[in-house]
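Q: Structure: target_36.cif, mmCIF, N, CA and C atoms.
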data_my_file
loop_
_atom_site.group_PDB
_atom_site.id
_atom_site.type_symbol
_atom_site.label_atom_id
_atom_site.label_comp_id
_atom_site.auth_asym_id
_atom_site.auth_seq_id
_atom_site.Cartn_x
_atom_site.Cartn_y
_atom_site.Cartn_z
ATOM 1 N N MET A 1 7.045 1.750 -5.850
ATOM 2 C CA MET A 1 6.907 2.361 -7.159
ATOM 3 C C MET A 1 6.057 3.612 -7.009
ATOM 4 N N ALA A 2 6.589 4.727 -7.421
ATOM 5 C CA ALA A 2 5.910 6.012 -7.252
ATOM 6 C C ALA A 2 5.160 6.463 -8.508
ATOM 7 N N SER A 3 5.305 5.763 -9.608
ATOM 8 C CA SER A 3 4.677 6.182 -10.858
ATOM 9 C C SER A 3 3.266 5.603 -10.981
ATOM 10 N N ALA A 4 2.265 6.474 -10.869
ATOM 11 C CA ALA A 4 0.879 6.033 -11.013
ATOM 12 C C ALA A 4 0.629 5.488 -12.420
ATOM 13 N N ASP A 5 1.290 6.078 -13.405
ATOM 14 C CA ASP A 5 1.147 5.631 -14.793
ATOM 15 C C ASP A 5 1.599 4.171 -14.933
ATOM 16 N N TYR A 6 2.752 3.850 -14.353
ATOM 17 C CA TYR A 6 3.249 2.472 -14.418
ATOM 18 C C TYR A 6 2.332 1.535 -13.636
ATOM 19 N N LEU A 7 1.866 1.975 -12.475
ATOM 20 C CA LEU A 7 1.007 1.113 -11.664
ATOM 21 C C LEU A 7 -0.305 0.799 -12.375
ATOM 22 N N GLN A 8 -0.841 1.752 -13.124
ATOM 23 C CA GLN A 8 -2.046 1.477 -13.910
ATOM 24 C C GLN A 8 -1.757 0.455 -15.003
ATOM 25 N N THR A 9 -0.618 0.609 -15.653
ATOM 26 C CA THR A 9 -0.214 -0.362 -16.674
ATOM 27 C C THR A 9 -0.014 -1.730 -16.045
ATOM 28 N N LEU A 10 0.635 -1.768 -14.899
ATOM 29 C CA LEU A 10 0.872 -3.020 -14.187
ATOM 30 C C LEU A 10 -0.458 -3.707 -13.874
ATOM 31 N N GLN A 11 -1.422 -2.941 -13.399
ATOM 32 C CA GLN A 11 -2.732 -3.498 -13.083
ATOM 33 C C GLN A 11 -3.393 -4.091 -14.324
ATOM 34 N N ARG A 12 -3.355 -3.374 -15.434
ATOM 35 C CA ARG A 12 -3.976 -3.869 -16.667
ATOM 36 C C ARG A 12 -3.268 -5.128 -17.179
ATOM 37 N N VAL A 13 -1.939 -5.103 -17.174
ATOM 38 C CA VAL A 13 -1.172 -6.253 -17.672
ATOM 39 C C VAL A 13 -1.399 -7.472 -16.789
ATOM 40 N N LEU A 14 -1.406 -7.285 -15.470
ATOM 41 C CA LEU A 14 -1.618 -8.422 -14.575
ATOM 42 C C LEU A 14 -3.026 -8.989 -14.714
ATOM 43 N N ALA A 15 -4.006 -8.144 -14.951
ATOM 44 C CA ALA A 15 -5.368 -8.636 -15.180
ATOM 45 C C ALA A 15 -5.422 -9.464 -16.461
ATOM 46 N N ALA A 16 -4.788 -8.979 -17.515
ATOM 47 C CA ALA A 16 -4.759 -9.726 -18.783
ATOM 48 C C ALA A 16 -3.997 -11.039 -18.612
ATOM 49 N N TYR A 17 -2.928 -11.026 -17.840
ATOM 50 C CA TYR A 17 -2.142 -12.237 -17.563
ATOM 51 C C TYR A 17 -2.995 -13.241 -16.784
ATOM 52 N N ALA A 18 -3.723 -12.771 -15.785
ATOM 53 C CA ALA A 18 -4.557 -13.650 -14.969
ATOM 54 C C ALA A 18 -5.690 -14.263 -15.791
ATOM 55 N N GLU A 19 -6.189 -13.520 -16.753
ATOM 56 C CA GLU A 19 -7.280 -14.010 -17.603
ATOM 57 C C GLU A 19 -6.774 -14.909 -18.732
ATOM 58 N N GLY A 20 -5.471 -15.020 -18.879
ATOM 59 C CA GLY A 20 -4.903 -15.856 -19.930
ATOM 60 C C GLY A 20 -4.801 -15.164 -21.269
ATOM 61 N N GLU A 21 -5.026 -13.848 -21.289
ATOM 62 C CA GLU A 21 -4.933 -13.094 -22.537
ATOM 63 C C GLU A 21 -3.478 -12.845 -22.937
ATOM 64 N N LEU A 22 -2.576 -12.874 -21.954
ATOM 65 C CA LEU A 22 -1.138 -12.697 -22.189
ATOM 66 C C LEU A 22 -0.389 -13.840 -21.540
ATOM 67 N N ASN A 23 0.695 -14.269 -22.170
ATOM 68 C CA ASN A 23 1.571 -15.212 -21.491
ATOM 69 C C ASN A 23 2.627 -14.411 -20.728
ATOM 70 N N ALA A 24 3.474 -15.088 -19.980
ATOM 71 C CA ALA A 24 4.451 -14.401 -19.139
ATOM 72 C C ALA A 24 5.417 -13.538 -19.957
ATOM 73 N N ALA A 25 5.848 -14.031 -21.101
ATOM 74 C CA ALA A 25 6.786 -13.271 -21.934
ATOM 75 C C ALA A 25 6.145 -11.981 -22.449
ATOM 76 N N GLU A 26 4.898 -12.075 -22.863
ATOM 77 C CA GLU A 26 4.194 -10.886 -23.351
ATOM 78 C C GLU A 26 3.972 -9.882 -22.231
ATOM 79 N N ALA A 27 3.623 -10.378 -21.059
ATOM 80 C CA ALA A 27 3.411 -9.492 -19.905
ATOM 81 C C ALA A 27 4.712 -8.778 -19.540
ATOM 82 N N ARG A 28 5.805 -9.538 -19.478
ATOM 83 C CA ARG A 28 7.109 -8.920 -19.165
ATOM 84 C C ARG A 28 7.472 -7.859 -20.193
ATOM 85 N N GLU A 29 7.248 -8.146 -21.456
ATOM 86 C CA GLU A 29 7.604 -7.201 -22.523
ATOM 87 C C GLU A 29 6.795 -5.915 -22.409
ATOM 88 N N ARG A 30 5.513 -6.025 -22.135
ATOM 89 C CA ARG A 30 4.675 -4.822 -21.992
ATOM 90 C C ARG A 30 5.115 -3.983 -20.786
ATOM 91 N N LEU A 31 5.426 -4.670 -19.695
ATOM 92 C CA LEU A 31 5.860 -3.940 -18.500
ATOM 93 C C LEU A 31 7.221 -3.278 -18.728
ATOM 94 N N ARG A 32 8.117 -4.002 -19.359
ATOM 95 C CA ARG A 32 9.440 -3.435 -19.664
ATOM 96 C C ARG A 32 9.334 -2.239 -20.591
ATOM 97 N N ALA A 33 8.483 -2.337 -21.600
ATOM 98 C CA ALA A 33 8.308 -1.233 -22.552
ATOM 99 C C ALA A 33 7.791 0.011 -21.834
ATOM 100 N N LYS A 34 6.854 -0.181 -20.914
ATOM 101 C CA LYS A 34 6.319 0.959 -20.169
ATOM 102 C C LYS A 34 7.402 1.568 -19.275
ATOM 103 N N LEU A 35 8.165 0.731 -18.611
ATOM 104 C CA LEU A 35 9.249 1.231 -17.756
ATOM 105 C C LEU A 35 10.285 1.991 -18.573
ATOM 106 N N GLN A 36 10.630 1.471 -19.736
ATOM 107 C CA GLN A 36 11.601 2.154 -20.594
ATOM 108 C C GLN A 36 11.052 3.495 -21.059
ATOM 109 N N ALA A 37 9.764 3.548 -21.403
ATOM 110 C CA ALA A 37 9.160 4.809 -21.836
ATOM 111 C C ALA A 37 9.180 5.846 -20.716
ATOM 112 N N LEU A 38 9.095 5.373 -19.482
ATOM 113 C CA LEU A 38 9.121 6.277 -18.326
ATOM 114 C C LEU A 38 10.537 6.548 -17.822
ATOM 115 N N GLY A 39 11.531 5.869 -18.427
ATOM 116 C CA GLY A 39 12.917 6.038 -17.994
ATOM 117 C C GLY A 39 13.214 5.365 -16.669
ATOM 118 N N LEU A 40 12.454 4.330 -16.322
ATOM 119 C CA LEU A 40 12.614 3.665 -15.028
ATOM 120 C C LEU A 40 13.306 2.314 -15.120
ATOM 121 N N ASP A 41 13.658 1.876 -16.296
ATOM 122 C CA ASP A 41 14.335 0.586 -16.465
ATOM 123 C C ASP A 41 15.830 0.817 -16.407
ATOM 124 N N GLY A 42 16.422 0.443 -15.269
ATOM 125 C CA GLY A 42 17.843 0.672 -15.075
ATOM 126 C C GLY A 42 18.749 -0.311 -15.780
ATOM 127 N N GLY A 43 18.200 -1.402 -16.277
ATOM 128 C CA GLY A 43 18.987 -2.376 -17.016
ATOM 129 C C GLY A 43 19.826 -3.306 -16.154
ATOM 130 N N SER A 44 19.632 -3.299 -14.846
ATOM 131 C CA SER A 44 20.412 -4.195 -13.986
ATOM 132 C C SER A 44 19.641 -5.494 -13.764
ATOM 133 N N HIS A 45 20.258 -6.396 -13.030
ATOM 134 C CA HIS A 45 19.634 -7.683 -12.726
ATOM 135 C C HIS A 45 19.144 -7.729 -11.284
ATOM 136 N N ALA A 46 19.233 -6.628 -10.579
ATOM 137 C CA ALA A 46 18.862 -6.583 -9.166
ATOM 138 C C ALA A 46 17.349 -6.512 -9.000
ATOM 139 N N LEU A 47 16.859 -7.062 -7.907
ATOM 140 C CA LEU A 47 15.432 -6.990 -7.617
ATOM 141 C C LEU A 47 14.971 -5.560 -7.385
ATOM 142 N N THR A 48 15.900 -4.680 -7.077
ATOM 143 C CA THR A 48 15.536 -3.279 -6.856
ATOM 144 C C THR A 48 15.280 -2.532 -8.158
ATOM 145 N N ASP A 49 15.701 -3.079 -9.278
ATOM 146 C CA ASP A 49 15.449 -2.473 -10.587
ATOM 147 C C ASP A 49 14.070 -2.916 -11.058
ATOM 148 N N PRO A 50 13.120 -1.987 -11.217
ATOM 149 C CA PRO A 50 11.763 -2.372 -11.619
ATOM 150 C C PRO A 50 11.699 -3.142 -12.937
ATOM 151 N N GLY A 51 12.669 -2.967 -13.808
ATOM 152 C CA GLY A 51 12.644 -3.633 -15.100
ATOM 153 C C GLY A 51 13.478 -4.889 -15.184
ATOM 154 N N SER A 52 14.069 -5.306 -14.063
ATOM 155 C CA SER A 52 14.908 -6.503 -14.121
ATOM 156 C C SER A 52 14.052 -7.750 -14.343
ATOM 157 N N LEU A 53 14.599 -8.686 -15.051
ATOM 158 C CA LEU A 53 13.907 -9.940 -15.326
ATOM 159 C C LEU A 53 13.524 -10.627 -14.023
ATOM 160 N N ARG A 54 14.422 -10.586 -13.053
ATOM 161 C CA ARG A 54 14.147 -11.222 -11.755
ATOM 162 C C ARG A 54 12.918 -10.606 -11.086
ATOM 163 N N ARG A 55 12.837 -9.282 -11.103
ATOM 164 C CA ARG A 55 11.712 -8.612 -10.448
ATOM 165 C C ARG A 55 10.407 -8.867 -11.194
ATOM 166 N N LEU A 56 10.434 -8.762 -12.513
ATOM 167 C CA LEU A 56 9.223 -9.004 -13.291
ATOM 168 C C LEU A 56 8.747 -10.446 -13.138
ATOM 169 N N ASN A 57 9.674 -11.400 -13.126
ATOM 170 C CA ASN A 57 9.301 -12.801 -12.918
ATOM 171 C C ASN A 57 8.705 -12.999 -11.530
ATOM 172 N N LEU A 58 9.267 -12.330 -10.525
ATOM 173 C CA LEU A 58 8.733 -12.429 -9.166
ATOM 174 C C LEU A 58 7.298 -11.910 -9.112
ATOM 175 N N ILE A 59 7.043 -10.786 -9.738
ATOM 176 C CA ILE A 59 5.694 -10.212 -9.768
ATOM 177 C C ILE A 59 4.721 -11.175 -10.443
ATOM 178 N N LEU A 60 5.092 -11.696 -11.593
ATOM 179 C CA LEU A 60 4.208 -12.602 -12.337
ATOM 180 C C LEU A 60 3.981 -13.914 -11.587
ATOM 181 N N ARG A 61 5.040 -14.457 -11.007
ATOM 182 C CA ARG A 61 4.921 -15.711 -10.251
ATOM 183 C C ARG A 61 4.014 -15.516 -9.027
ATOM 184 N N THR A 62 4.185 -14.406 -8.327
ATOM 185 C CA THR A 62 3.362 -14.119 -7.154
ATOM 186 C C THR A 62 1.897 -13.983 -7.542
ATOM 187 N N GLN A 63 1.616 -13.272 -8.630
ATOM 188 C CA GLN A 63 0.242 -13.105 -9.085
ATOM 189 C C GLN A 63 -0.379 -14.444 -9.471
ATOM 190 N N ARG A 64 0.395 -15.289 -10.145
ATOM 191 C CA ARG A 64 -0.107 -16.604 -10.544
ATOM 192 C C ARG A 64 -0.424 -17.449 -9.311
ATOM 193 N N GLN A 65 0.448 -17.422 -8.305
ATOM 194 C CA GLN A 65 0.232 -18.199 -7.086
ATOM 195 C C GLN A 65 -0.977 -17.685 -6.298
ATOM 196 N N MET A 66 -1.136 -16.366 -6.247
ATOM 197 C CA MET A 66 -2.288 -15.798 -5.543
ATOM 198 C C MET A 66 -3.597 -16.171 -6.250
ATOM 199 N N ALA A 67 -3.593 -16.133 -7.558
ATOM 200 C CA ALA A 67 -4.789 -16.498 -8.321
ATOM 201 C C ALA A 67 -5.122 -17.978 -8.132
ATOM 202 N N ALA A 68 -4.107 -18.819 -8.106
ATOM 203 C CA ALA A 68 -4.327 -20.254 -7.901
ATOM 204 C C ALA A 68 -4.891 -20.523 -6.507
ATOM 205 N N SER A 69 -4.389 -19.825 -5.512
ATOM 206 C CA SER A 69 -4.898 -19.992 -4.148
ATOM 207 C C SER A 69 -6.347 -19.534 -4.045
ATOM 208 N N ALA A 70 -6.655 -18.411 -4.663
ATOM 209 C CA ALA A 70 -8.032 -17.913 -4.652
ATOM 210 C C ALA A 70 -8.964 -18.901 -5.350
ATOM 211 N N ALA A 71 -8.517 -19.494 -6.446
ATOM 212 C CA ALA A 71 -9.338 -20.466 -7.173
ATOM 213 C C ALA A 71 -9.574 -21.713 -6.328
ATOM 214 N N ARG A 72 -8.538 -22.167 -5.609
ATOM 215 C CA ARG A 72 -8.710 -23.335 -4.734
ATOM 216 C C ARG A 72 -9.726 -23.038 -3.627
ATOM 217 N N LEU A 73 -9.642 -21.865 -3.034
ATOM 218 C CA LEU A 73 -10.597 -21.504 -1.987
ATOM 219 C C LEU A 73 -12.010 -21.416 -2.532
ATOM 220 N N GLU A 74 -12.143 -20.855 -3.715
ATOM 221 C CA GLU A 74 -13.454 -20.716 -4.348
ATOM 222 C C GLU A 74 -14.063 -22.080 -4.673
ATOM 223 N N ALA A 75 -13.229 -23.056 -4.979
ATOM 224 C CA ALA A 75 -13.706 -24.377 -5.383
ATOM 225 C C ALA A 75 -14.166 -25.228 -4.203
ATOM 226 N N ARG A 76 -13.834 -24.821 -2.995
ATOM 227 C CA ARG A 76 -14.229 -25.610 -1.818
ATOM 228 C C ARG A 76 -15.736 -25.526 -1.621
ATOM 229 N N ASP A 77 -16.342 -26.654 -1.257
ATOM 230 C CA ASP A 77 -17.784 -26.633 -1.006
ATOM 231 C C ASP A 77 -18.067 -26.307 0.464
ATOM 232 N N SER A 78 -19.310 -26.013 0.784
ATOM 233 C CA SER A 78 -19.666 -25.555 2.135
ATOM 234 C C SER A 78 -19.443 -26.634 3.185
ATOM 235 N N ASP A 79 -19.651 -27.908 2.839
ATOM 236 C CA ASP A 79 -19.406 -28.985 3.807
ATOM 237 C C ASP A 79 -17.930 -29.069 4.161
ATOM 238 N N GLU A 80 -17.091 -28.956 3.155
ATOM 239 C CA GLU A 80 -15.652 -28.987 3.396
ATOM 240 C C GLU A 80 -15.229 -27.794 4.254
ATOM 241 N N LEU A 81 -15.772 -26.635 3.981
ATOM 242 C CA LEU A 81 -15.460 -25.453 4.766
ATOM 243 C C LEU A 81 -15.893 -25.606 6.207
ATOM 244 N N ALA A 82 -17.021 -26.248 6.434
ATOM 245 C CA ALA A 82 -17.496 -26.464 7.810
ATOM 246 C C ALA A 82 -16.576 -27.423 8.545
ATOM 247 N N ASP A 83 -16.089 -28.449 7.861
ATOM 248 C CA ASP A 83 -15.181 -29.424 8.489
ATOM 249 C C ASP A 83 -13.770 -28.903 8.650
ATOM 250 N N TRP A 84 -13.311 -28.124 7.686
ATOM 251 C CA TRP A 84 -11.921 -27.637 7.657
ATOM 252 C C TRP A 84 -11.897 -26.130 7.364
ATOM 253 N N PRO A 85 -12.286 -25.300 8.315
ATOM 254 C CA PRO A 85 -12.400 -23.866 8.045
ATOM 255 C C PRO A 85 -11.079 -23.160 7.801
ATOM 256 N N ALA A 86 -9.999 -23.694 8.260
ATOM 257 C CA ALA A 86 -8.727 -23.000 8.083
ATOM 258 C C ALA A 86 -8.120 -23.417 6.839
#
Show how you would write the structure in this file as structure tokens.
A:
Amino acid sequence: MASADYLQTLQRVLAAYAEGELNAAEARERLRAKLQALGLDGGSHALTDPGSLRRLNLILRTQRQMAASAARLEARDSDELADWPA
């Protein structure tokens, strides 16, 4: 993605999604609206289309999984880390 404007919006929307301020549908709608305003939503179903439902769902799912993994790592105590560092 070459649009800095969209990437800033993406960052803000993903932060709000991670904090629980937006649900997935709201996040997708905000991202789609920004892409349409920039003329970048091609309307296809391909992962190569930044506005496709498949691509937006992939982005949101990946962010949710990364946040869950980070939370699990953060929740580990020091004894557990010493016994199982990997």
Q: Could you pull out the residues in chain A that DSSP calls alpha helix (DSSP H) from the backbone, as JSON, numbers by chain?
A: {"A": [4, 5, 6, 7, 8, 9, 10, 11, 12, 13, 14, 15, 16, 17, 18, 24, 25, 26, 27, 28, 29, 30, 31, 32, 33, 34, 35, 36, 37, 38, 53, 54, 55, 56, 57, 58, 59, 60, 61, 62, 63, 64, 65, 66, 67, 68, 69, 70, 71, 72, 73, 74, 75, 78, 79, 80, 81, 82, 83]}
Q: To one decimal place in Å, what is the distance between atom CA of A:Leu31 and atom CA of A:Ala15?
A: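 Atom CA of A:Ala15 lies 12.6 Å from atom CA of A:Leu31.
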Q: Using the chain letters and residue numbers of this document, give as a VMD selection string the residues selected by the PyMOL selection byres (((chain A and resi 56 and name CA) around 12) and name CA).
A: chain A and resid 10 13 to 14 24 to 32 35 41 45 to 55 57 to 63
Q: Calculate how many Å separate atom C of A:Leu7 from atom CA of A:Gly39, rounding to one decimal.
A: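 Atom-to-atom, atom C of A:Leu7 and atom CA of A:Gly39 are spaced 15.3 Å apart.
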Q: Could you check the closest approach to A:Ala16 for each of A:Arg64, A:Ala70, A:Pro85, A:Ser78 and tell me which residue wins, using only C-alpha atoms?
A: A:Arg64
Q: Have a look at atom N of A:Ala82 and atom C of A:Gln65 and let me know their distance in Å, one decimal.
A: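 Here the two named atoms are 22.2 Å from each other.
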